[in-house]
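Notes follow the structure.
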Amino acid sequence: QVQLVETGGGLVQAGDSLRLSCAASGRTFSNYVMGWFRQAPGEEREFIAAIRWSDGSTVYTDSVKGRFTISRDNAKNTMYLQMNSLKPEDTAVYYCAAYRRSFSGLGNNYYRTSEYDYWGQGTQVSVSS
């Protein structure tokens with residue numbers, strides 16, 4: 001049973017940084033793509049970034065490029081989202097998610113919530129102006 005647990009959320013001021021963690025357990029993730037999503041009140045869940053566990057290849061949505069960095073630690077089975085220069089519009093519940101991909105690379109559907117089979121419970125990030 002795959003389990004994903006996010007930690008690291010909180011209340012910060014605009015311009016501050018936060019690092020979110022997603023601890024993964026239940027299987028070997030070498031053939032998995034893992035992603036970060038966020039959902040603000042009244043909004044749809046939004047793709048932020050994804051990483052292929054085996055080779056570390058990454059992709060980001062345009063709104064976070066240059067501010068957010070996704071990474072993983074194989075030894076700790078943990079994925080991270082380093083968020084710098086936070087803005088009030090980054091306020092949301094942040095979720096990590098995972099799906100198994102047999103082929104190389106990230107594919108074309110990494111941004112779709114429907115592609116992901118496993119989800120964490122979410123962690124709140126609030127950015128004040």
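Starting from 1 in every chain, residues are counted up; chains themselves are A, B, ... following the order of the structure tokens, and ligands are numbered from 1 as listed.
All residues of protein, DNA or RNA that reach within 7 Å of Cys96 (chain A), judged by only C-alpha atoms and not counting those fewer than 2 positions away in the chain, are A:Glu6, A:Cys22, A:Gly35, A:Trp36, A:Phe37, A:Tyr94, A:Trp119, A:Gly120.
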Legend entry - Test item: residues at most 8 Å from Ser71 (chain A), only C-alpha atoms, excluding those fewer than 2 positions along its chain, as a ChimeraX atom specification: /A:51,56,69,73,79-81
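Residues in contact with Val64 (chain A) at up to 12 Å, not including ones fewer than 5 positions away on its chain and judged by only C-alpha atoms, are Trp36, Phe37, Arg38, Glu46, Phe47, Ile48, Ala49, Val59, Thr69, Ile70, Leu81, Gln82, Met83, Asn84, Ser85, Leu86, Lys87, Glu89 and Asp90 of chain A.
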Inset, instruction - May I have all residues of chain A that DSSP, computed from the backbone, assigns to strand (DSSP E or B), given as a VMD selection string? - result: chain A and resid 3 to 7 10 to 13 18 to 25 32 to 39 46 to 52 58 to 60 68 to 73 78 to 83 92 to 100 118 to 119 123 to 128
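With only C-alpha atoms taken into account, the protein and nucleic acid residues at most 12 Å from Ala75 (chain A) (excluding it and anything under 6 positions from it in its own chain) are Ala23, Ala24, Ser25, Thr28, Phe29, Ser30 and Trp53 of chain A.
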Please produce a file of the residues just selected, as a PDB file, in the first residue's frame, where the atoms kept are N, CA, C and O atoms.
ATOM      1  N   ALA A  23       6.984  12.253   2.245  1.00  0.00           N
ATOM      2  CA  ALA A  23       7.577  10.960   2.583  1.00  0.00           C
ATOM      3  C   ALA A  23       6.765   9.852   1.929  1.00  0.00           C
ATOM      4  O   ALA A  23       5.547   9.763   2.140  1.00  0.00           O
ATOM      5  N   ALA A  24       7.434   9.032   1.142  1.00  0.00           N
ATOM      6  CA  ALA A  24       6.759   7.969   0.388  1.00  0.00           C
ATOM      7  C   ALA A  24       7.131   6.607   0.955  1.00  0.00           C
ATOM      8  O   ALA A  24       8.291   6.355   1.281  1.00  0.00           O
ATOM      9  N   SER A  25       6.156   5.725   1.040  1.00  0.00           N
ATOM     10  CA  SER A  25       6.415   4.383   1.545  1.00  0.00           C
ATOM     11  C   SER A  25       5.476   3.392   0.868  1.00  0.00           C
ATOM     12  O   SER A  25       4.503   3.772   0.230  1.00  0.00           O
ATOM     13  N   THR A  28       8.864   0.366  -4.031  1.00  0.00           N
ATOM     14  CA  THR A  28      10.023   1.000  -4.664  1.00  0.00           C
ATOM     15  C   THR A  28       9.518   1.955  -5.734  1.00  0.00           C
ATOM     16  O   THR A  28       8.689   1.589  -6.548  1.00  0.00           O
ATOM     17  N   PHE A  29      10.027   3.163  -5.728  1.00  0.00           N
ATOM     18  CA  PHE A  29       9.474   4.204  -6.593  1.00  0.00           C
ATOM     19  C   PHE A  29      10.315   4.482  -7.836  1.00  0.00           C
ATOM     20  O   PHE A  29      10.133   5.506  -8.494  1.00  0.00           O
ATOM     21  N   SER A  30      11.214   3.583  -8.179  1.00  0.00           N
ATOM     22  CA  SER A  30      12.112   3.851  -9.291  1.00  0.00           C
ATOM     23  C   SER A  30      11.369   4.033 -10.612  1.00  0.00           C
ATOM     24  O   SER A  30      11.844   4.740 -11.497  1.00  0.00           O
ATOM     25  N   TRP A  53      11.322   9.663 -10.651  1.00  0.00           N
ATOM     26  CA  TRP A  53      12.136   9.237  -9.513  1.00  0.00           C
ATOM     27  C   TRP A  53      13.474   8.651  -9.957  1.00  0.00           C
ATOM     28  O   TRP A  53      14.498   8.892  -9.336  1.00  0.00           O
TER      29      TRP A  53
END
Legend entry - From A:Gln13, A:Thr91, A:Ser104, A:Thr113, residue lying nearest Glu44 (chain A) [only C-alpha atoms]: A:Thr113
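With distances restricted to only C-alpha atoms, A:Gly15 is the closest residue to Ser128 (chain A) from A:Pro41, A:Gly15, A:Gly26, A:Gly107.
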